[in-house]
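Text of upload03.tsv (TSV, C-alpha atoms and all ligand atoms) as supplied:
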chain	number	residue	atom	x	y	z
A	1	MET	CA	-66.02	13.39	59.04
A	2	PRO	CA	-67.23	14.33	62.55
A	3	PRO	CA	-67.94	18.03	62.98
A	4	LEU	CA	-65.31	20.15	64.69
A	5	LEU	CA	-67.96	22.24	66.41
A	6	ASP	CA	-71.26	20.78	67.50
A	7	VAL	CA	-73.77	23.06	69.20
A	8	THR	CA	-77.05	21.63	70.46
A	9	GLY	CA	-80.00	23.36	72.10
A	10	LEU	CA	-77.82	26.28	73.12
A	11	SER	CA	-79.51	29.05	75.08
A	12	LYS	CA	-78.39	31.99	77.15
A	13	VAL	CA	-80.71	33.82	79.50
A	14	PHE	CA	-79.36	36.86	81.32
A	15	ARG	CA	-81.04	37.77	84.59
A	16	LEU	CA	-81.37	41.51	84.77
A	17	ARG	CA	-81.43	43.60	87.90
A	18	GLY	CA	-84.66	45.50	88.02
A	19	PRO	CA	-86.49	47.70	90.50
A	20	ASN	CA	-87.86	44.62	92.25
A	21	PRO	CA	-85.09	42.35	93.56
A	22	PHE	CA	-87.56	39.45	93.94
A	23	HIS	CA	-88.60	39.63	90.35
A	24	ARG	CA	-85.58	39.61	88.12
A	25	ARG	CA	-86.34	40.02	84.47
A	26	ARG	CA	-84.95	37.44	82.11
A	27	LEU	CA	-83.45	38.40	78.80
A	28	THR	CA	-83.13	35.58	76.28
A	29	ALA	CA	-80.08	36.45	74.20
A	30	VAL	CA	-79.64	33.07	72.52
A	31	ALA	CA	-82.45	30.53	72.19
A	32	ALA	CA	-82.26	26.86	71.21
A	33	VAL	CA	-79.44	27.16	68.71
A	34	ASP	CA	-78.30	24.02	66.89
A	35	LEU	CA	-75.38	24.11	64.52
A	36	VAL	CA	-72.35	22.18	63.38
A	37	LEU	CA	-69.18	23.31	61.71
A	38	ALA	CA	-66.73	21.14	59.80
A	39	PRO	CA	-62.96	21.63	59.91
A	40	GLY	CA	-61.91	24.29	57.43
A	41	GLU	CA	-65.44	25.61	57.09
A	42	THR	CA	-66.51	29.24	57.54
A	43	LEU	CA	-69.97	30.00	58.85
A	44	GLY	CA	-71.05	33.62	58.55
A	45	VAL	CA	-73.44	34.85	61.25
A	46	VAL	CA	-75.67	37.80	60.40
A	47	GLY	CA	-78.67	39.56	61.88
A	48	GLU	CA	-79.53	42.98	63.23
A	49	SER	CA	-77.93	44.51	66.30
A	50	GLY	CA	-78.91	42.74	69.53
A	51	CYS	CA	-80.02	39.49	67.90
A	52	GLY	CA	-77.47	37.50	69.91
A	53	LYS	CA	-74.49	37.08	67.57
A	54	SER	CA	-71.81	38.08	70.07
A	55	THR	CA	-73.47	36.10	72.85
A	56	LEU	CA	-73.43	33.03	70.61
A	57	GLY	CA	-69.74	33.64	69.90
A	58	ARG	CA	-68.94	34.04	73.60
A	59	LEU	CA	-70.79	30.81	74.44
A	60	ILE	CA	-68.82	28.96	71.76
A	61	VAL	CA	-65.43	30.17	72.99
A	62	GLY	CA	-66.44	29.28	76.56
A	63	ASP	CA	-66.34	32.87	77.74
A	64	LEU	CA	-69.96	32.57	78.91
A	65	ALA	CA	-71.68	29.54	80.44
A	66	PRO	CA	-74.84	28.39	78.65
A	67	SER	CA	-78.21	28.44	80.41
A	68	ALA	CA	-79.08	25.29	78.47
A	69	GLY	CA	-77.55	23.15	75.78
A	70	THR	CA	-73.98	22.20	74.97
A	71	VAL	CA	-71.05	23.30	72.87
A	72	ARG	CA	-68.73	20.49	71.80
A	73	LEU	CA	-65.38	21.10	70.21
A	74	ALA	CA	-63.57	18.12	68.74
A	75	ARG	CA	-66.22	15.99	70.46
A	76	ARG	CA	-65.61	17.34	73.96
A	77	PRO	CA	-67.89	19.72	75.84
A	78	VAL	CA	-66.23	23.12	76.09
A	79	SER	CA	-67.61	23.44	79.63
A	80	ALA	CA	-65.45	20.48	80.73
A	81	MET	CA	-62.20	21.90	79.33
A	82	THR	CA	-59.55	23.90	81.13
A	83	ARG	CA	-58.80	27.36	79.80
A	84	LYS	CA	-55.61	26.08	78.27
A	85	GLU	CA	-57.29	23.19	76.50
A	86	ARG	CA	-59.92	25.54	75.20
A	87	ALA	CA	-57.40	28.11	74.01
A	88	ARG	CA	-55.67	25.48	71.87
A	89	LEU	CA	-58.90	24.66	70.11
A	90	VAL	CA	-60.65	27.99	69.81
A	91	GLN	CA	-59.57	31.62	69.79
A	92	PRO	CA	-61.80	34.66	69.69
A	93	ILE	CA	-61.01	37.81	67.72
A	94	VAL	CA	-63.14	40.61	69.10
A	95	GLN	CA	-63.81	44.12	67.95
A	96	ASP	CA	-61.85	46.81	69.77
A	97	PRO	CA	-59.32	44.47	71.36
A	98	ARG	CA	-57.46	47.29	73.09
A	99	ALA	CA	-59.72	46.82	76.09
A	100	THR	CA	-58.39	43.28	76.45
A	101	LEU	CA	-54.68	44.14	76.20
A	102	ASP	CA	-52.83	44.71	79.44
A	103	PRO	CA	-51.67	48.34	79.13
A	104	ARG	CA	-48.38	47.64	80.95
A	105	TRP	CA	-47.19	44.91	78.57
A	106	ARG	CA	-45.24	45.61	75.44
A	107	ILE	CA	-46.72	44.35	72.18
A	108	GLY	CA	-43.99	41.73	71.71
A	109	ALA	CA	-44.65	40.25	75.15
A	110	LEU	CA	-48.40	40.32	74.58
A	111	LEU	CA	-47.93	38.36	71.38
A	112	ALA	CA	-45.55	35.85	72.90
A	113	GLU	CA	-47.82	35.23	75.88
A	114	PRO	CA	-50.06	32.59	74.26
A	115	LEU	CA	-46.95	30.72	73.12
A	116	VAL	CA	-45.44	30.77	76.59
A	117	ILE	CA	-48.73	29.59	78.09
A	118	HIS	CA	-48.75	26.68	75.66
A	119	GLY	CA	-45.15	25.79	76.44
A	120	GLN	CA	-43.98	26.83	72.98
A	121	ARG	CA	-41.33	29.25	74.21
A	122	ASN	CA	-38.72	27.94	71.77
A	123	GLY	CA	-38.35	30.16	68.76
A	124	SER	CA	-41.07	32.41	70.07
A	125	ALA	CA	-39.21	35.59	69.02
A	126	ASP	CA	-39.15	34.41	65.42
A	127	ARG	CA	-42.77	33.43	65.51
A	128	VAL	CA	-43.74	36.81	66.96
A	129	ARG	CA	-41.86	38.53	64.13
A	130	GLU	CA	-43.55	36.31	61.57
A	131	ALA	CA	-46.94	36.92	63.17
A	132	LEU	CA	-46.45	40.69	63.02
A	133	ALA	CA	-45.39	40.49	59.38
A	134	SER	CA	-48.39	38.31	58.52
A	135	VAL	CA	-50.76	41.09	59.60
A	136	ARG	CA	-48.53	43.75	58.00
A	137	LEU	CA	-47.31	45.28	61.24
A	138	PRO	CA	-43.73	46.61	61.36
A	139	PRO	CA	-41.36	44.60	63.58
A	140	ASP	CA	-40.50	47.58	65.82
A	141	ILE	CA	-44.08	47.71	67.02
A	142	ALA	CA	-43.07	44.87	69.37
A	143	ASP	CA	-41.39	47.43	71.65
A	144	ARG	CA	-44.44	49.65	71.98
A	145	LEU	CA	-47.15	49.71	74.62
A	146	PRO	CA	-50.83	49.21	73.74
A	147	HIS	CA	-51.65	52.93	74.05
A	148	GLN	CA	-48.91	53.69	71.52
A	149	ILE	CA	-50.60	51.84	68.67
A	150	SER	CA	-53.68	52.78	66.63
A	151	GLY	CA	-57.06	51.05	66.72
A	152	GLY	CA	-56.42	49.40	63.37
A	153	GLN	CA	-53.00	48.19	64.54
A	154	ALA	CA	-54.55	46.79	67.74
A	155	GLN	CA	-57.09	44.94	65.62
A	156	ARG	CA	-54.35	43.41	63.48
A	157	LEU	CA	-52.43	42.54	66.62
A	158	ALA	CA	-55.48	40.73	68.00
A	159	ILE	CA	-55.70	38.72	64.79
A	160	ALA	CA	-52.02	37.79	64.95
A	161	ARG	CA	-52.42	36.85	68.60
A	162	ALA	CA	-55.41	34.61	67.93
A	163	LEU	CA	-53.61	32.82	65.09
A	164	LEU	CA	-50.38	32.14	66.98
A	165	PRO	CA	-51.58	29.13	69.02
A	166	GLU	CA	-52.88	27.62	65.75
A	167	PRO	CA	-56.43	27.03	66.99
A	168	ARG	CA	-58.79	24.78	65.08
A	169	LEU	CA	-61.62	27.31	65.30
A	170	LEU	CA	-61.56	31.10	65.11
A	171	VAL	CA	-64.55	33.07	66.33
A	172	CYS	CA	-64.32	36.47	64.62
A	173	ASP	CA	-66.76	39.01	66.02
A	174	GLU	CA	-66.72	42.11	63.81
A	175	ALA	CA	-62.99	41.44	63.65
A	176	LEU	CA	-62.43	43.34	60.42
A	177	SER	CA	-64.92	46.18	60.87
A	178	ALA	CA	-62.41	48.69	62.18
A	179	LEU	CA	-59.91	48.15	59.36
A	180	ASP	CA	-59.73	50.18	56.19
A	181	ALA	CA	-60.46	48.44	52.91
A	182	ALA	CA	-56.85	47.75	51.90
A	183	VAL	CA	-55.89	46.21	55.24
A	184	GLN	CA	-59.17	44.33	55.31
A	185	ALA	CA	-58.34	42.75	51.96
A	186	ASP	CA	-54.91	41.73	53.29
A	187	ILE	CA	-56.42	40.14	56.37
A	188	VAL	CA	-59.07	38.32	54.36
A	189	HIS	CA	-56.23	36.93	52.27
A	190	LEU	CA	-54.33	35.94	55.42
A	191	LEU	CA	-57.37	34.22	56.97
A	192	ARG	CA	-57.98	32.31	53.77
A	193	ARG	CA	-54.37	31.19	53.62
A	194	VAL	CA	-54.34	30.10	57.27
A	195	GLN	CA	-57.57	28.27	56.69
A	196	ALA	CA	-56.20	26.43	53.67
A	197	GLU	CA	-52.93	25.54	55.38
A	198	ARG	CA	-54.32	24.46	58.74
A	199	ASP	CA	-57.92	23.58	57.99
A	200	THR	CA	-59.04	26.15	60.53
A	201	ALA	CA	-62.78	26.59	60.87
A	202	MET	CA	-64.27	30.06	61.34
A	203	LEU	CA	-67.38	31.54	62.82
A	204	PHE	CA	-67.51	34.91	61.12
A	205	ILE	CA	-69.86	37.37	62.81
A	206	SER	CA	-70.37	40.57	60.84
A	207	HIS	CA	-72.76	43.30	59.79
A	208	ASP	CA	-70.97	43.47	56.47
A	209	LEU	CA	-73.02	41.20	54.23
A	210	ASP	CA	-70.61	41.53	51.31
A	211	LEU	CA	-67.71	40.44	53.46
A	212	VAL	CA	-69.75	37.55	54.86
A	213	ARG	CA	-70.68	36.45	51.36
A	214	HIS	CA	-67.09	36.68	50.27
A	215	LEU	CA	-65.65	34.65	53.17
A	216	SER	CA	-68.32	32.15	54.18
A	217	HIS	CA	-69.23	28.72	52.95
A	218	ARG	CA	-72.49	28.83	54.85
A	219	VAL	CA	-74.47	31.61	56.49
A	220	ALA	CA	-76.68	31.59	59.58
A	221	VAL	CA	-79.31	34.30	59.97
A	222	MET	CA	-80.29	35.18	63.53
A	223	TYR	CA	-83.37	36.95	64.80
A	224	LEU	CA	-84.15	37.49	68.50
A	225	GLY	CA	-81.63	34.91	69.64
A	226	ARG	CA	-82.66	32.21	67.20
A	227	ILE	CA	-81.17	30.95	63.98
A	228	VAL	CA	-84.11	31.38	61.62
A	229	GLU	CA	-82.31	30.19	58.52
A	230	ILE	CA	-78.98	28.53	57.75
A	231	GLY	CA	-77.58	27.28	54.50
A	232	PRO	CA	-74.93	27.44	51.80
A	233	VAL	CA	-73.90	31.01	51.02
A	234	ASP	CA	-75.20	30.97	47.45
A	235	ARG	CA	-78.65	29.81	48.56
A	236	ILE	CA	-78.85	32.38	51.35
A	237	GLY	CA	-77.80	34.98	48.79
A	238	THR	CA	-80.27	34.07	46.08
A	239	ARG	CA	-82.86	31.56	47.31
A	240	GLN	CA	-83.70	32.75	50.80
A	241	SER	CA	-86.67	31.03	52.29
A	242	HIS	CA	-87.35	32.79	55.59
A	243	PRO	CA	-89.25	36.10	55.28
A	244	TYR	CA	-86.73	37.69	57.63
A	245	THR	CA	-83.77	36.59	55.52
A	246	ARG	CA	-85.52	38.00	52.47
A	247	ALA	CA	-85.98	41.33	54.22
A	248	LEU	CA	-82.41	41.37	55.55
A	249	ILE	CA	-80.66	40.33	52.37
A	250	GLY	CA	-83.14	42.28	50.29
A	251	ALA	CA	-83.97	39.91	47.47
A	252	ALA	CA	-86.82	40.27	45.03
A	253	PRO	CA	-90.17	38.97	46.28
A	254	ARG	CA	-90.98	35.35	45.54
A	255	ILE	CA	-94.37	33.94	44.85
A	256	ASP	CA	-95.24	30.59	46.26
A	257	PRO	CA	-97.97	28.95	44.17
A	258	HIS	CA	-99.27	26.90	47.10
A	259	ARG	CA	-99.58	29.79	49.46
A	260	ARG	CA	-100.67	33.32	49.16
A	261	ARG	CA	-98.68	35.81	47.12
A	262	THR	CA	-95.79	37.20	49.05
A	263	LYS	CA	-95.60	40.92	49.51
A	264	ARG	CA	-92.42	42.77	48.86
A	265	ALA	CA	-90.11	41.97	51.71
A	266	THR	CA	-89.76	45.20	53.63
A	267	LEU	CA	-89.54	45.15	57.36
A	268	GLU	CA	-92.07	47.13	59.28
A	269	GLY	CA	-92.32	47.70	63.00
A	270	GLU	CA	-89.69	47.18	65.64
A	271	THR	CA	-87.89	44.10	66.80
A	272	PRO	CA	-89.62	42.86	69.96
A	273	SER	CA	-87.66	42.98	73.21
A	274	PRO	CA	-85.70	39.84	74.10
A	275	ILE	CA	-87.01	40.37	77.64
A	276	ASP	CA	-90.53	39.66	76.50
A	277	PRO	CA	-90.26	37.79	73.20
A	278	PRO	CA	-93.49	36.95	71.37
A	279	PRO	CA	-94.91	33.42	71.61
A	280	GLY	CA	-94.62	31.12	68.61
A	281	CYS	CA	-92.31	32.30	65.87
A	282	ALA	CA	-89.97	35.09	67.01
A	283	PHE	CA	-90.63	36.94	63.74
A	284	GLN	CA	-94.45	36.71	63.76
A	285	THR	CA	-95.03	40.29	64.95
A	286	ARG	CA	-93.34	41.67	61.82
A	287	CYS	CA	-93.90	38.92	59.30
A	288	PRO	CA	-96.09	39.88	56.34
A	289	LEU	CA	-97.07	36.24	55.90
A	290	ALA	CA	-97.86	35.22	59.50
A	291	ILE	CA	-100.78	32.84	60.01
A	292	ASP	CA	-102.43	31.77	63.27
A	293	ARG	CA	-100.05	28.89	63.82
A	294	CYS	CA	-97.08	31.30	63.77
A	295	ARG	CA	-98.48	33.06	66.83
A	296	ILE	CA	-98.69	29.86	68.85
A	297	GLN	CA	-96.05	27.35	67.82
A	298	VAL	CA	-92.29	27.78	67.50
A	299	PRO	CA	-91.62	26.66	63.93
A	300	PRO	CA	-89.65	23.41	63.66
A	301	PRO	CA	-86.67	23.18	61.29
A	302	VAL	CA	-87.62	22.49	57.68
A	303	ARG	CA	-85.13	21.40	55.08
A	304	VAL	CA	-85.91	23.41	51.98
A	305	GLY	CA	-82.90	22.58	49.85
A	306	PRO	CA	-79.43	21.05	49.98
A	307	GLY	CA	-78.07	22.02	53.37
A	308	GLN	CA	-80.65	24.78	53.76
A	309	ILE	CA	-82.70	24.72	56.95
A	310	VAL	CA	-85.45	27.20	57.72
A	311	HIS	CA	-87.55	27.70	60.82
A	312	CYS	CA	-90.83	28.81	59.28
A	313	HIS	CA	-94.31	27.28	59.29
A	314	LEU	CA	-94.78	28.29	55.67
A	315	ALA	CA	-91.59	26.77	54.33
A	316	GLU	CA	-92.04	23.99	51.77
A	317	PRO	CA	-89.88	20.97	52.54
A	318	ALA	CA	-87.56	19.86	49.76
A	319	GLY	CA	-88.34	16.59	47.97
A	320	ARG	CA	-87.93	13.33	49.79
A	321	ASP	CA	-84.80	12.46	47.87
A	322	HIS	CA	-82.85	14.26	50.58
A	323	PRO	CA	-82.43	12.57	53.96
A	324	PRO	CA	-84.55	14.38	56.56
A	325	LEU	CA	-81.78	15.85	58.59
A	326	HIS	CA	-82.17	19.07	60.39
A	327	ARG	CA	-78.56	19.12	61.46
A	328	LEU	CA	-75.94	19.65	58.83
A	329	ALA	CA	-72.70	17.80	58.12
A	330	GLY	CA	-72.14	14.26	59.19
A	331	ASP	CA	-72.49	12.69	62.58
B	1	LIG	N1	-73.91	40.54	79.86
B	1	LIG	C1	-75.15	40.82	79.47
B	1	LIG	N2	-76.13	41.05	80.39
B	1	LIG	C2	-77.38	41.33	80.01
B	1	LIG	N3	-77.79	41.38	78.72
B	1	LIG	C3	-76.89	41.15	77.77
B	1	LIG	C4	-75.52	40.86	78.09
B	1	LIG	N4	-74.84	40.69	76.93
B	1	LIG	C5	-75.73	40.86	75.94
B	1	LIG	N5	-76.96	41.14	76.44
B	1	LIG	C6	-78.19	41.35	75.66
B	1	LIG	O1	-78.36	40.19	74.86
B	1	LIG	C7	-78.90	40.54	73.58
B	1	LIG	C8	-77.96	40.05	72.52
B	1	LIG	O2	-76.77	40.81	72.58
B	1	LIG	P1	-75.52	40.55	71.63
B	1	LIG	O3	-74.44	41.46	72.07
B	1	LIG	O4	-75.23	39.09	71.61
B	1	LIG	O5	-76.11	41.01	70.22
B	1	LIG	P2	-75.34	41.20	68.83
B	1	LIG	O6	-76.14	40.48	67.81
B	1	LIG	O7	-73.91	40.84	68.98
B	1	LIG	O8	-75.48	42.76	68.59
B	1	LIG	P3	-74.49	43.76	67.79
B	1	LIG	O9	-74.73	43.48	66.33
B	1	LIG	O10	-74.94	45.11	68.19
B	1	LIG	O11	-73.09	43.46	68.22
B	1	LIG	C9	-79.08	42.05	73.60
B	1	LIG	O12	-80.41	42.32	73.94
B	1	LIG	C10	-78.12	42.50	74.69
B	1	LIG	O13	-78.58	43.69	75.28
B	2	MG	MG	-72.15	41.88	68.80
Hey, can you dump this file as structure tokens for me?
Amino acid sequence: MPPLLDVTGLSKVFRLRGPNPFHRRRLTAVAAVDLVLAPGETLGVVGESGCGKSTLGRLIVGDLAPSAGTVRLARRPVSAMTRKERARLVQPIVQDPRATLDPRWRIGALLAEPLVIHGQRNGSADRVREALASVRLPPDIADRLPHQISGGQAQRLAIARALLPEPRLLVCDEALSALDAAVQADIVHLLRRVQAERDTAMLFISHDLDLVRHLSHRVAVMYLGRIVEIGPVDRIGTRQSHPYTRALIGAAPRIDPHRRRTKRATLEGETPSPIDPPPGCAFQTRCPLAIDRCRIQVPPPVRVGPGQIVHCHLAEPAGRDHPPLHRLAGD
């Protein structure tokens, strides 16, 4: 099956205004990201604050233009689509959606808007009611204005709004963080159901590792704009290969008989600035295992297990019985 989402060599460099207008500093928020996502699949995206998760999400929904690389959805470059075409395929759910809701529109009208845009006006009142019920919002909320609802209600509204056009991909950026545990469980249930019924794929960006583990089929770990490791959720949870993943997920240390003994994976030092990232491996300044090569060469992708790809010079490739692909899912 061809992938629904196909991202190749994706980078985003922001040019920052500095004291010298002739020398703008460049901040690399996303660097050389490759990934694919199958229909119905959920990819969790984790990594510390500022590592580029939201920027990656915004590039995928077409909200930002890439500095390099391409995002293809259903085989077509997102950059070549109209807003309307894009909105049918992919919908973002952002954190704190109140900022994106027009304060003068009533909730019902805000919800119906994507349907009207897509020419699905017929039966829209029923669908709005259903959508509200699906995120456990009372029907009378339709008559209220955005400032008359709570943050949690606005978040649920944003979820309902993103689901209404029945997109093939949802990009959830901390979409459940503002919700209390009971509502969160309801929404997780809803997302799962929608996914099963419509084969919707999800990019699930979150700081909540438990939630990511619970919802994702695969997990991508980002560091300084790069995906340093990606693989099936159980392998990322128990058989991490990248030293950064081990520090982030906090597994027991592993000893590699062919290399030196690994130290306990605790992170020391600060993340380097994305304005002046280190040469070679992005993680080399904090990696307890770094060797000379790490300081010079960007590590190529290494397949260390079924579907598990690591960017690390010290990673041991899996046996040759697996095809040497560094891009997952079928072409
Ligand atoms: N519009 C922008 N202009 C300049 N720099 C930006 C812009 N948006 C993001 N950045 C920078 O890009 C880097 C990645 O930011 P991003 O918001 O993608 O990180 P994140 O992983 O989503 O962080 P968090 O977990 O805090 O949400 C950061 O250094 C951030 O300051
Ligand atoms: Mg973010």
Stretch 75-86 of chain A surroundings by all atoms listed in the file, 10 Å radius, close-in-sequence under 4 positions cut, as a VMD selection string: chain A and resid 2 to 7 59 to 66 70 to 71 90 to 91 114 117 to 118 167
Expected file contents, prior selection, C-alpha atoms, as a short mmCIF file (atom, residue, chain, number, x, y, z; two decimals), in the coordinates of the input:
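Once everything was written out, this is out.cif:
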data_model
loop_
_atom_site.label_atom_id
_atom_site.label_comp_id
_atom_site.auth_asym_id
_atom_site.auth_seq_id
_atom_site.Cartn_x
_atom_site.Cartn_y
_atom_site.Cartn_z
CA PRO A 2 -67.23 14.33 62.55
CA PRO A 3 -67.94 18.03 62.98
CA LEU A 4 -65.31 20.15 64.69
CA LEU A 5 -67.96 22.24 66.41
CA ASP A 6 -71.26 20.78 67.50
CA VAL A 7 -73.77 23.06 69.20
CA LEU A 59 -70.79 30.81 74.44
CA ILE A 60 -68.82 28.96 71.76
CA VAL A 61 -65.43 30.17 72.99
CA GLY A 62 -66.44 29.28 76.56
CA ASP A 63 -66.34 32.87 77.74
CA LEU A 64 -69.96 32.57 78.91
CA ALA A 65 -71.68 29.54 80.44
CA PRO A 66 -74.84 28.39 78.65
CA THR A 70 -73.98 22.20 74.97
CA VAL A 71 -71.05 23.30 72.87
CA VAL A 90 -60.65 27.99 69.81
CA GLN A 91 -59.57 31.62 69.79
CA PRO A 114 -50.06 32.59 74.26
CA ILE A 117 -48.73 29.59 78.09
CA HIS A 118 -48.75 26.68 75.66
CA PRO A 167 -56.43 27.03 66.99
#
Calculate how many Å separate atom O12 of ligand LIG 1 (chain B) from atom CA of A:Asp292, rounding to one decimal. 26.6 Å
Take atom N2 of ligand LIG 1 (chain B) and atom CA of A:Asp102 and report the distance between them in Å, one decimal.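 About the pair atom N2 of ligand LIG 1 (chain B) and atom CA of A:Asp102: they are 23.6 Å apart.
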Quick one: of A:Val310, A:Met222, A:Leu10, A:Ala318, who's nearest to ligand LIG 1 (chain B), counting all atoms listed in the file?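 Counting all atoms listed in the file, the residue closest to ligand LIG 1 (chain B) is A:Met222.
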List the spatial neighbours of A:Glu270 as a PDB file with C-alpha atoms, in the coordinates of the input - criterion: any atom at most 12 Å away, all atoms listed in the file, same-chain residues fewer than 5 positions off excluded.
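As written to disk, result.pdb reads:
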ATOM      1  CA  GLU A  48     -79.530  42.980  63.230  1.00  0.00           C
ATOM      2  CA  LEU A 224     -84.150  37.490  68.500  1.00  0.00           C
ATOM      3  CA  PHE A 283     -90.630  36.940  63.740  1.00  0.00           C
ATOM      4  CA  GLN A 284     -94.450  36.710  63.760  1.00  0.00           C
ATOM      5  CA  THR A 285     -95.030  40.290  64.950  1.00  0.00           C
ATOM      6  CA  ARG A 286     -93.340  41.670  61.820  1.00  0.00           C
ATOM      7  CA  CYS A 287     -93.900  38.920  59.300  1.00  0.00           C
TER       8      CYS A 287
END
